[in-house]
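Quick look at input-v3.cif (mmCIF, C-alpha atoms):
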data_my_file
#
loop_
_atom_site.group_PDB
_atom_site.id
_atom_site.type_symbol
_atom_site.label_atom_id
_atom_site.label_comp_id
_atom_site.auth_asym_id
_atom_site.auth_seq_id
_atom_site.Cartn_x
_atom_site.Cartn_y
_atom_site.Cartn_z
ATOM 1 C CA MET A 1 15.885 -0.076 39.385
ATOM 2 C CA ALA A 2 19.057 1.711 38.301
ATOM 3 C CA GLU A 3 20.247 4.335 40.787
ATOM 4 C CA LEU A 4 20.652 7.979 39.863
ATOM 5 C CA LEU A 5 24.273 9.047 39.571
ATOM 6 C CA SER A 6 25.537 11.985 41.595
ATOM 7 C CA GLU A 7 26.782 15.112 39.828
ATOM 8 C CA SER A 8 30.399 14.136 40.400
ATOM 9 C CA GLU A 9 29.772 10.600 39.107
ATOM 10 C CA ILE A 10 28.138 12.082 36.010
ATOM 11 C CA ARG A 11 31.075 14.455 35.426
ATOM 12 C CA GLU A 12 33.555 11.617 35.815
ATOM 13 C CA ARG A 13 31.721 9.368 33.337
ATOM 14 C CA ALA A 14 31.052 12.209 30.888
ATOM 15 C CA ASP A 15 34.793 13.004 30.824
ATOM 16 C CA GLN A 16 35.355 9.517 29.432
ATOM 17 C CA LEU A 17 32.795 10.073 26.650
ATOM 18 C CA SER A 18 34.198 13.216 25.106
ATOM 19 C CA GLU A 19 31.766 13.419 22.185
ATOM 20 C CA TRP A 20 28.684 13.237 24.364
ATOM 21 C CA THR A 21 27.289 16.179 26.318
ATOM 22 C CA VAL A 22 25.174 16.208 29.444
ATOM 23 C CA GLU A 23 22.146 18.467 28.923
ATOM 24 C CA GLY A 24 20.064 18.496 32.091
ATOM 25 C CA LYS A 25 18.964 14.896 32.659
ATOM 26 C CA GLN A 26 20.015 13.790 29.171
ATOM 27 C CA LEU A 27 23.229 12.411 27.735
ATOM 28 C CA GLN A 28 23.322 13.561 24.113
ATOM 29 C CA ARG A 29 25.318 13.151 20.956
ATOM 30 C CA THR A 30 24.717 14.115 17.333
ATOM 31 C CA TRP A 31 26.178 12.395 14.278
ATOM 32 C CA ARG A 32 26.261 13.677 10.715
ATOM 33 C CA PHE A 33 26.297 11.217 7.848
ATOM 34 C CA LYS A 34 26.510 11.447 4.070
ATOM 35 C CA ASP A 35 22.758 11.412 3.559
ATOM 36 C CA PHE A 36 19.379 10.220 4.859
ATOM 37 C CA VAL A 37 20.020 6.602 3.874
ATOM 38 C CA GLU A 38 23.275 6.492 5.866
ATOM 39 C CA ALA A 39 21.556 8.189 8.817
ATOM 40 C CA ILE A 40 18.841 5.526 8.880
ATOM 41 C CA ALA A 41 21.471 2.787 8.536
ATOM 42 C CA PHE A 42 23.084 4.106 11.720
ATOM 43 C CA VAL A 43 19.729 4.167 13.522
ATOM 44 C CA ASN A 44 19.278 0.496 12.639
ATOM 45 C CA LYS A 45 22.596 -0.274 14.303
ATOM 46 C CA LEU A 46 21.191 1.093 17.586
ATOM 47 C CA VAL A 47 18.432 -1.501 17.757
ATOM 48 C CA GLU A 48 20.446 -4.524 18.843
ATOM 49 C CA PRO A 49 22.387 -2.863 21.689
ATOM 50 C CA ALA A 50 19.248 -1.021 22.868
ATOM 51 C CA GLU A 51 17.253 -4.242 22.954
ATOM 52 C CA ALA A 52 20.127 -6.114 24.617
ATOM 53 C CA ALA A 53 20.315 -3.427 27.326
ATOM 54 C CA GLY A 54 16.529 -3.138 27.649
ATOM 55 C CA HIS A 55 17.221 0.585 27.386
ATOM 56 C CA HIS A 56 16.118 2.765 24.476
ATOM 57 C CA PRO A 57 17.531 6.116 23.441
ATOM 58 C CA ASP A 58 15.341 8.872 22.072
ATOM 59 C CA ILE A 59 16.402 9.489 18.476
ATOM 60 C CA ALA A 60 15.874 12.491 16.207
ATOM 61 C CA ILE A 61 16.645 12.240 12.500
ATOM 62 C CA SER A 62 16.878 15.277 10.253
ATOM 63 C CA TYR A 63 18.117 14.263 6.800
ATOM 64 C CA ASN A 64 21.782 13.268 7.434
ATOM 65 C CA LYS A 65 21.808 14.187 11.127
ATOM 66 C CA VAL A 66 21.016 11.761 13.946
ATOM 67 C CA SER A 67 20.699 12.980 17.538
ATOM 68 C CA VAL A 68 20.668 10.382 20.285
ATOM 69 C CA SER A 69 19.495 11.221 23.768
ATOM 70 C CA LEU A 70 19.796 8.914 26.758
ATOM 71 C CA THR A 71 18.154 9.123 30.148
ATOM 72 C CA THR A 72 16.668 6.618 32.599
ATOM 73 C CA HIS A 73 13.013 7.623 32.729
ATOM 74 C CA ASP A 74 12.035 5.416 35.671
ATOM 75 C CA ALA A 75 14.925 6.765 37.775
ATOM 76 C CA GLY A 76 14.240 10.362 36.716
ATOM 77 C CA GLY A 77 17.722 11.130 35.378
ATOM 78 C CA LEU A 78 21.098 9.704 34.414
ATOM 79 C CA THR A 79 22.183 6.300 35.639
ATOM 80 C CA GLU A 80 24.965 3.847 34.872
ATOM 81 C CA LYS A 81 22.696 2.339 32.176
ATOM 82 C CA ASP A 82 22.876 5.560 30.145
ATOM 83 C CA PHE A 83 26.657 5.726 30.198
ATOM 84 C CA GLN A 84 26.995 2.018 29.440
ATOM 85 C CA LEU A 85 24.719 2.287 26.405
ATOM 86 C CA ALA A 86 26.458 5.499 25.250
ATOM 87 C CA LEU A 87 29.755 3.643 25.275
ATOM 88 C CA VAL A 88 28.324 0.786 23.212
ATOM 89 C CA ILE A 89 26.747 3.230 20.742
ATOM 90 C CA SER A 90 30.043 5.091 20.387
ATOM 91 C CA GLU A 91 31.669 1.844 19.269
ATOM 92 C CA LEU A 92 29.065 1.177 16.568
ATOM 93 C CA GLU A 93 30.177 3.606 13.909
ATOM 94 C CA MET B 1 11.381 24.946 -6.487
ATOM 95 C CA ALA B 2 8.060 23.887 -4.989
ATOM 96 C CA GLU B 3 5.697 26.797 -4.342
ATOM 97 C CA LEU B 4 4.377 27.603 -0.890
ATOM 98 C CA LEU B 5 0.701 26.745 -0.479
ATOM 99 C CA SER B 6 -1.743 29.415 0.663
ATOM 100 C CA GLU B 7 -3.548 29.002 3.992
ATOM 101 C CA SER B 8 -6.735 27.905 2.242
ATOM 102 C CA GLU B 9 -4.842 25.385 0.101
ATOM 103 C CA ILE B 10 -3.210 24.011 3.271
ATOM 104 C CA ARG B 11 -6.593 23.715 5.025
ATOM 105 C CA GLU B 12 -8.106 21.959 2.026
ATOM 106 C CA ARG B 13 -5.273 19.416 1.790
ATOM 107 C CA ALA B 14 -5.088 18.915 5.561
ATOM 108 C CA ASP B 15 -8.808 18.086 5.607
ATOM 109 C CA GLN B 16 -8.034 15.133 3.352
ATOM 110 C CA LEU B 17 -5.313 13.871 5.730
ATOM 111 C CA SER B 18 -7.313 13.629 8.909
ATOM 112 C CA GLU B 19 -4.609 12.044 11.053
ATOM 113 C CA TRP B 20 -2.040 14.710 10.281
ATOM 114 C CA THR B 21 -1.983 18.124 11.923
ATOM 115 C CA VAL B 22 -0.566 21.404 10.663
ATOM 116 C CA GLU B 23 1.672 22.961 13.342
ATOM 117 C CA GLY B 24 3.047 26.239 12.042
ATOM 118 C CA LYS B 25 5.081 25.368 8.958
ATOM 119 C CA GLN B 26 5.056 21.636 9.706
ATOM 120 C CA LEU B 27 2.728 18.812 8.771
ATOM 121 C CA GLN B 28 2.924 16.316 11.621
ATOM 122 C CA ARG B 29 1.724 12.893 12.613
ATOM 123 C CA THR B 30 2.634 10.528 15.448
ATOM 124 C CA TRP B 31 2.320 6.752 15.376
ATOM 125 C CA ARG B 32 2.479 4.351 18.309
ATOM 126 C CA PHE B 33 3.705 0.810 17.775
ATOM 127 C CA LYS B 34 4.078 -2.285 19.946
ATOM 128 C CA ASP B 35 7.704 -1.562 20.841
ATOM 129 C CA PHE B 36 11.010 0.001 19.752
ATOM 130 C CA VAL B 37 11.695 -2.689 17.156
ATOM 131 C CA GLU B 38 8.333 -2.089 15.461
ATOM 132 C CA ALA B 39 8.903 1.672 15.599
ATOM 133 C CA ILE B 40 12.251 1.325 13.809
ATOM 134 C CA ALA B 41 10.680 -1.055 11.267
ATOM 135 C CA PHE B 42 8.215 1.724 10.391
ATOM 136 C CA VAL B 43 11.033 4.277 10.079
ATOM 137 C CA ASN B 44 12.735 1.967 7.597
ATOM 138 C CA LYS B 45 9.591 1.974 5.473
ATOM 139 C CA LEU B 46 9.899 5.759 5.123
ATOM 140 C CA VAL B 47 13.247 5.551 3.352
ATOM 141 C CA GLU B 48 12.115 4.420 -0.072
ATOM 142 C CA PRO B 49 9.295 6.964 -0.546
ATOM 143 C CA ALA B 50 11.448 9.771 0.897
ATOM 144 C CA GLU B 51 14.288 8.947 -1.468
ATOM 145 C CA ALA B 52 11.894 8.575 -4.408
ATOM 146 C CA ALA B 53 10.414 12.010 -3.658
ATOM 147 C CA GLY B 54 13.808 13.587 -2.927
ATOM 148 C CA HIS B 55 12.058 14.880 0.188
ATOM 149 C CA HIS B 56 12.934 13.839 3.727
ATOM 150 C CA PRO B 57 10.753 14.088 6.815
ATOM 151 C CA ASP B 58 12.175 14.910 10.216
ATOM 152 C CA ILE B 59 11.637 11.889 12.447
ATOM 153 C CA ALA B 60 11.596 11.573 16.228
ATOM 154 C CA ILE B 61 11.611 8.141 17.865
ATOM 155 C CA SER B 62 10.844 7.618 21.531
ATOM 156 C CA TYR B 63 10.600 3.889 22.313
ATOM 157 C CA ASN B 64 7.385 2.831 20.508
ATOM 158 C CA LYS B 65 6.418 6.307 19.293
ATOM 159 C CA VAL B 66 7.425 7.761 15.925
ATOM 160 C CA SER B 67 6.698 11.398 15.086
ATOM 161 C CA VAL B 68 7.062 12.482 11.481
ATOM 162 C CA SER B 69 7.284 16.125 10.526
ATOM 163 C CA LEU B 70 7.190 17.440 6.975
ATOM 164 C CA THR B 71 8.062 20.863 5.638
ATOM 165 C CA THR B 72 9.779 22.186 2.524
ATOM 166 C CA HIS B 73 12.872 23.891 3.921
ATOM 167 C CA ASP B 74 13.953 25.604 0.687
ATOM 168 C CA ALA B 75 10.467 27.082 0.195
ATOM 169 C CA GLY B 76 10.187 28.093 3.869
ATOM 170 C CA GLY B 77 6.935 26.254 4.581
ATOM 171 C CA LEU B 78 4.371 23.741 3.353
ATOM 172 C CA THR B 79 4.195 22.847 -0.320
ATOM 173 C CA GLU B 80 2.473 20.215 -2.431
ATOM 174 C CA LYS B 81 5.528 17.985 -1.867
ATOM 175 C CA ASP B 82 4.747 17.736 1.853
ATOM 176 C CA PHE B 83 1.152 16.669 1.324
ATOM 177 C CA GLN B 84 2.105 14.222 -1.423
ATOM 178 C CA LEU B 85 4.684 12.536 0.813
ATOM 179 C CA ALA B 86 2.280 12.541 3.788
ATOM 180 C CA LEU B 87 -0.247 10.671 1.652
ATOM 181 C CA VAL B 88 2.337 8.076 0.620
ATOM 182 C CA ILE B 89 3.490 7.652 4.249
ATOM 183 C CA SER B 90 -0.110 7.209 5.406
ATOM 184 C CA GLU B 91 -0.440 4.279 3.019
ATOM 185 C CA LEU B 92 2.693 2.523 4.350
ATOM 186 C CA GLU B 93 1.378 1.105 7.597
#
If you convert what's in this file into structure tokens, what do you get?
Amino acid sequence: MAELLSESEIRERADQLSEWTVEGKQLQRTWRFKDFVEAIAFVNKLVEPAEAAGHHPDIAISYNKVSVSLTTHDAGGLTEKDFQLALVISELE
Amino acid sequence: MAELLSESEIRERADQLSEWTVEGKQLQRTWRFKDFVEAIAFVNKLVEPAEAAGHHPDIAISYNKVSVSLTTHDAGGLTEKDFQLALVISELE
């Protein structure tokens, strides 16, 4: 099982992912696209890295807006897995 | 602009969509699939009817769970458009 990161480890990793924010036990980022079709296209791009990592973000879609939220449920908070997947997702666009 | 439905009109239409629930100004339904890949496959099926209707549900994905929420933002609540799209979505599975 992935180990929970300490607060200082979280801060350090979050500093390297400037467009993501830590909200409680979640690592979050929101994207805005041209329209609903482009938003869904982006969501489809998340499937392969999520499956490869065996780690699945929560996703909220509202028309052209996609919010991605990462946490490690079985560890009860943020782990290395969340930051690794966030980095991969950031490179998808 | 689509007209807001009255409470009795909403009740009448909701009775015909037994798996959807009215939560405030939202018409909601949650599906559970085998896994994340199947959940995203379902979300992709929503695109064509949403685009055809010019009406876009809010969607929340959590692993194998997809929650769809309909409302008519510019009317400030539920209209015929929401129930029409809910019916089409119900027939997608």
Mind fitting chain A to chain B by least squares on all Cα atoms in order and giving back the moved coordinates as an mmCIF file with C-alpha atoms, in the coordinates of the input?
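Contents of result35.cif, freshly written:
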data_model
loop_
_atom_site.group_PDB
_atom_site.id
_atom_site.type_symbol
_atom_site.label_atom_id
_atom_site.label_comp_id
_atom_site.auth_asym_id
_atom_site.auth_seq_id
_atom_site.Cartn_x
_atom_site.Cartn_y
_atom_site.Cartn_z
ATOM 1 C CA MET A 1 11.396 24.937 -6.494
ATOM 2 C CA ALA A 2 8.069 23.889 -4.989
ATOM 3 C CA GLU A 3 5.712 26.805 -4.338
ATOM 4 C CA LEU A 4 4.371 27.609 -0.895
ATOM 5 C CA LEU A 5 0.708 26.744 -0.485
ATOM 6 C CA SER A 6 -1.735 29.400 0.659
ATOM 7 C CA GLU A 7 -3.554 29.005 3.974
ATOM 8 C CA SER A 8 -6.735 27.907 2.231
ATOM 9 C CA GLU A 9 -4.831 25.383 0.092
ATOM 10 C CA ILE A 10 -3.217 24.009 3.249
ATOM 11 C CA ARG A 11 -6.593 23.721 5.016
ATOM 12 C CA GLU A 12 -8.104 21.956 2.023
ATOM 13 C CA ARG A 13 -5.261 19.421 1.791
ATOM 14 C CA ALA A 14 -5.083 18.919 5.564
ATOM 15 C CA ASP A 15 -8.814 18.080 5.606
ATOM 16 C CA GLN A 16 -8.020 15.129 3.353
ATOM 17 C CA LEU A 17 -5.310 13.871 5.736
ATOM 18 C CA SER A 18 -7.320 13.620 8.918
ATOM 19 C CA GLU A 19 -4.597 12.043 11.059
ATOM 20 C CA TRP A 20 -2.041 14.718 10.289
ATOM 21 C CA THR A 21 -1.987 18.139 11.937
ATOM 22 C CA VAL A 22 -0.567 21.399 10.671
ATOM 23 C CA GLU A 23 1.659 22.954 13.349
ATOM 24 C CA GLY A 24 3.041 26.239 12.055
ATOM 25 C CA LYS A 25 5.080 25.375 8.959
ATOM 26 C CA GLN A 26 5.050 21.642 9.708
ATOM 27 C CA LEU A 27 2.722 18.816 8.766
ATOM 28 C CA GLN A 28 2.916 16.318 11.625
ATOM 29 C CA ARG A 29 1.730 12.892 12.612
ATOM 30 C CA THR A 30 2.630 10.522 15.438
ATOM 31 C CA TRP A 31 2.330 6.736 15.377
ATOM 32 C CA ARG A 32 2.482 4.352 18.316
ATOM 33 C CA PHE A 33 3.710 0.818 17.790
ATOM 34 C CA LYS A 34 4.103 -2.274 19.947
ATOM 35 C CA ASP A 35 7.711 -1.555 20.843
ATOM 36 C CA PHE A 36 11.010 0.013 19.753
ATOM 37 C CA VAL A 37 11.699 -2.686 17.162
ATOM 38 C CA GLU A 38 8.340 -2.091 15.447
ATOM 39 C CA ALA A 39 8.907 1.678 15.589
ATOM 40 C CA ILE A 40 12.255 1.330 13.819
ATOM 41 C CA ALA A 41 10.701 -1.043 11.271
ATOM 42 C CA PHE A 42 8.228 1.713 10.396
ATOM 43 C CA VAL A 43 11.030 4.273 10.075
ATOM 44 C CA ASN A 44 12.739 1.972 7.576
ATOM 45 C CA LYS A 45 9.582 1.968 5.477
ATOM 46 C CA LEU A 46 9.898 5.761 5.114
ATOM 47 C CA VAL A 47 13.248 5.549 3.352
ATOM 48 C CA GLU A 48 12.107 4.420 -0.083
ATOM 49 C CA PRO A 49 9.280 6.954 -0.553
ATOM 50 C CA ALA A 50 11.440 9.759 0.897
ATOM 51 C CA GLU A 51 14.284 8.948 -1.474
ATOM 52 C CA ALA A 52 11.882 8.568 -4.409
ATOM 53 C CA ALA A 53 10.403 12.007 -3.650
ATOM 54 C CA GLY A 54 13.797 13.580 -2.922
ATOM 55 C CA HIS A 55 12.048 14.880 0.186
ATOM 56 C CA HIS A 56 12.917 13.822 3.730
ATOM 57 C CA PRO A 57 10.744 14.086 6.813
ATOM 58 C CA ASP A 58 12.182 14.910 10.207
ATOM 59 C CA ILE A 59 11.630 11.887 12.442
ATOM 60 C CA ALA A 60 11.596 11.565 16.228
ATOM 61 C CA ILE A 61 11.603 8.136 17.852
ATOM 62 C CA SER A 62 10.843 7.613 21.523
ATOM 63 C CA TYR A 63 10.603 3.895 22.297
ATOM 64 C CA ASN A 64 7.372 2.825 20.497
ATOM 65 C CA LYS A 65 6.416 6.307 19.296
ATOM 66 C CA VAL A 66 7.410 7.761 15.926
ATOM 67 C CA SER A 67 6.701 11.406 15.087
ATOM 68 C CA VAL A 68 7.049 12.484 11.480
ATOM 69 C CA SER A 69 7.276 16.126 10.533
ATOM 70 C CA LEU A 70 7.182 17.439 6.981
ATOM 71 C CA THR A 71 8.058 20.856 5.642
ATOM 72 C CA THR A 72 9.790 22.182 2.522
ATOM 73 C CA HIS A 73 12.874 23.887 3.924
ATOM 74 C CA ASP A 74 13.953 25.603 0.703
ATOM 75 C CA ALA A 75 10.466 27.082 0.202
ATOM 76 C CA GLY A 76 10.183 28.090 3.868
ATOM 77 C CA GLY A 77 6.925 26.261 4.608
ATOM 78 C CA LEU A 78 4.378 23.754 3.348
ATOM 79 C CA THR A 79 4.198 22.851 -0.314
ATOM 80 C CA GLU A 80 2.488 20.213 -2.427
ATOM 81 C CA LYS A 81 5.548 17.977 -1.853
ATOM 82 C CA ASP A 82 4.742 17.736 1.865
ATOM 83 C CA PHE A 83 1.147 16.688 1.316
ATOM 84 C CA GLN A 84 2.107 14.229 -1.417
ATOM 85 C CA LEU A 85 4.685 12.541 0.813
ATOM 86 C CA ALA A 86 2.271 12.540 3.787
ATOM 87 C CA LEU A 87 -0.244 10.678 1.660
ATOM 88 C CA VAL A 88 2.337 8.080 0.633
ATOM 89 C CA ILE A 89 3.491 7.656 4.246
ATOM 90 C CA SER A 90 -0.102 7.209 5.404
ATOM 91 C CA GLU A 91 -0.425 4.268 3.020
ATOM 92 C CA LEU A 92 2.689 2.522 4.353
ATOM 93 C CA GLU A 93 1.367 1.104 7.585
#
Kindly provide, as JSON, the centre and edge lengths (Å, one decimal) of an axis-aligned box around all atoms of stretch 63-68 of chain B given in the file, with 3 Å on each side.
{"center_x": 8.5, "center_y": 7.7, "center_z": 16.9, "size_x": 10.2, "size_y": 15.7, "size_z": 16.8}
Write out as a tab-separated table a residue-level contact list of chain B versus chain A with cut-off 10 Å: for each qualifying residue the closest pair of atoms and the distance in Å to one decimal, counting only C-alpha atoms, rows sorted by chain and residue number upward.
residue	atom	partner	partner_atom	distance
B:Phe36	CA	A:His56	CA	7.5
B:Val37	CA	A:Val47	CA	6.9
B:Ile40	CA	A:Asn44	CA	7.2
B:Ala41	CA	A:Asn44	CA	8.8
B:Val43	CA	A:Ile40	CA	8.0
B:Asn44	CA	A:Ile40	CA	7.2
B:Leu46	CA	A:Ile40	CA	9.7
B:Val47	CA	A:Val37	CA	6.9
B:Glu48	CA	A:Val37	CA	9.1
B:Ala50	CA	A:Phe36	CA	8.9
B:Glu51	CA	A:Val37	CA	8.2
B:His55	CA	A:Tyr63	CA	9.0
B:His56	CA	A:Tyr63	CA	6.0
B:Pro57	CA	A:Ser62	CA	7.1
B:Asp58	CA	A:Ser62	CA	4.7
B:Ile59	CA	A:Ile61	CA	5.0
B:Ala60	CA	A:Ala60	CA	4.4
B:Ile61	CA	A:Ile59	CA	5.0
B:Ser62	CA	A:Asp58	CA	4.7
B:Tyr63	CA	A:His56	CA	6.0
B:Asn64	CA	A:His56	CA	9.6
B:Lys65	CA	A:Asp58	CA	9.7
B:Val66	CA	A:Ile59	CA	9.5
B:Ser67	CA	A:Ala60	CA	9.3
B:Val68	CA	A:Ile61	CA	9.6
B:Ser69	CA	A:Ser62	CA	9.6
Would you export the selected residues with C-alpha atoms as a PDB file, in the coordinates of the input, please?
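Result file is again-v2.pdb:
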ATOM      1  CA  PHE B  36      11.010   0.001  19.752  1.00  0.00           C
ATOM      2  CA  VAL B  37      11.695  -2.689  17.156  1.00  0.00           C
ATOM      3  CA  ILE B  40      12.251   1.325  13.809  1.00  0.00           C
ATOM      4  CA  ALA B  41      10.680  -1.055  11.267  1.00  0.00           C
ATOM      5  CA  VAL B  43      11.033   4.277  10.079  1.00  0.00           C
ATOM      6  CA  ASN B  44      12.735   1.967   7.597  1.00  0.00           C
ATOM      7  CA  LEU B  46       9.899   5.759   5.123  1.00  0.00           C
ATOM      8  CA  VAL B  47      13.247   5.551   3.352  1.00  0.00           C
ATOM      9  CA  GLU B  48      12.115   4.420  -0.072  1.00  0.00           C
ATOM     10  CA  ALA B  50      11.448   9.771   0.897  1.00  0.00           C
ATOM     11  CA  GLU B  51      14.288   8.947  -1.468  1.00  0.00           C
ATOM     12  CA  HIS B  55      12.058  14.880   0.188  1.00  0.00           C
ATOM     13  CA  HIS B  56      12.934  13.839   3.727  1.00  0.00           C
ATOM     14  CA  PRO B  57      10.753  14.088   6.815  1.00  0.00           C
ATOM     15  CA  ASP B  58      12.175  14.910  10.216  1.00  0.00           C
ATOM     16  CA  ILE B  59      11.637  11.889  12.447  1.00  0.00           C
ATOM     17  CA  ALA B  60      11.596  11.573  16.228  1.00  0.00           C
ATOM     18  CA  ILE B  61      11.611   8.141  17.865  1.00  0.00           C
ATOM     19  CA  SER B  62      10.844   7.618  21.531  1.00  0.00           C
ATOM     20  CA  TYR B  63      10.600   3.889  22.313  1.00  0.00           C
ATOM     21  CA  ASN B  64       7.385   2.831  20.508  1.00  0.00           C
ATOM     22  CA  LYS B  65       6.418   6.307  19.293  1.00  0.00           C
ATOM     23  CA  VAL B  66       7.425   7.761  15.925  1.00  0.00           C
ATOM     24  CA  SER B  67       6.698  11.398  15.086  1.00  0.00           C
ATOM     25  CA  VAL B  68       7.062  12.482  11.481  1.00  0.00           C
ATOM     26  CA  SER B  69       7.284  16.125  10.526  1.00  0.00           C
TER      27      SER B  69
END
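Between atom CA of B:Ser18 and atom CA of B:Ala39 lies a distance of 21.2 Å.
Across the model, the gap from atom CA of A:Ile89 to atom CA of B:Asp35 is 19.6 Å.
The spacing separating atom CA of A:Arg11 from atom CA of A:Gln28 amounts to 13.7 Å.
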remark   = Of A:Thr21, A:Ala53, A:Lys45, A:Glu9, the one sitting nearest A:Thr72 when using all atoms listed in the file is A:Ala53
Could you write stretch 68-75 of chain A as a compact mmCIF listing (two decimals), keeping the file's coordinate frame, with all heavy atoms rebuilt where they are missing?
# COMPACT_ATOMS: atom_id res chain seq x y z
N VAL A 68 21.02 11.45 19.35
CA VAL A 68 20.67 10.38 20.28
C VAL A 68 20.68 10.97 21.69
O VAL A 68 21.61 11.70 22.06
CB VAL A 68 21.67 9.22 20.17
CG1 VAL A 68 21.50 8.22 21.31
CG2 VAL A 68 21.50 8.52 18.82
N SER A 69 19.64 10.66 22.43
CA SER A 69 19.50 11.22 23.77
C SER A 69 19.17 10.09 24.74
O SER A 69 18.23 9.33 24.53
CB SER A 69 18.36 12.25 23.70
OG SER A 69 18.20 12.86 24.93
N LEU A 70 19.97 9.99 25.77
CA LEU A 70 19.80 8.91 26.76
C LEU A 70 19.43 9.48 28.12
O LEU A 70 20.00 10.48 28.57
CB LEU A 70 21.10 8.13 26.90
CG LEU A 70 21.45 7.18 25.75
CD1 LEU A 70 22.92 6.86 25.74
CD2 LEU A 70 20.63 5.90 25.85
N THR A 71 18.48 8.84 28.76
CA THR A 71 18.15 9.12 30.15
C THR A 71 17.46 7.88 30.70
O THR A 71 17.01 7.04 29.92
CB THR A 71 17.27 10.38 30.30
OG1 THR A 71 17.25 10.78 31.68
CG2 THR A 71 15.83 10.15 29.85
N THR A 72 17.38 7.76 32.01
CA THR A 72 16.67 6.62 32.60
C THR A 72 15.36 7.14 33.17
O THR A 72 15.32 7.70 34.27
CB THR A 72 17.54 5.94 33.68
OG1 THR A 72 18.79 5.58 33.10
CG2 THR A 72 16.86 4.66 34.20
N HIS A 73 14.30 7.01 32.36
CA HIS A 73 13.01 7.62 32.73
C HIS A 73 12.54 7.18 34.11
O HIS A 73 12.12 8.02 34.91
CB HIS A 73 11.95 7.32 31.66
CG HIS A 73 12.22 8.00 30.36
ND1 HIS A 73 12.08 9.36 30.20
CD2 HIS A 73 12.64 7.52 29.18
CE1 HIS A 73 12.39 9.69 28.95
NE2 HIS A 73 12.74 8.59 28.31
N ASP A 74 12.63 5.87 34.40
CA ASP A 74 12.04 5.42 35.67
C ASP A 74 12.86 5.84 36.89
O ASP A 74 12.35 5.82 38.01
CB ASP A 74 11.71 3.91 35.67
CG ASP A 74 12.92 3.04 35.39
OD1 ASP A 74 14.03 3.60 35.23
OD2 ASP A 74 12.77 1.82 35.33
N ALA A 75 14.12 6.24 36.66
CA ALA A 75 14.92 6.76 37.78
C ALA A 75 14.84 8.29 37.83
O ALA A 75 15.24 8.91 38.81
CB ALA A 75 16.38 6.33 37.63
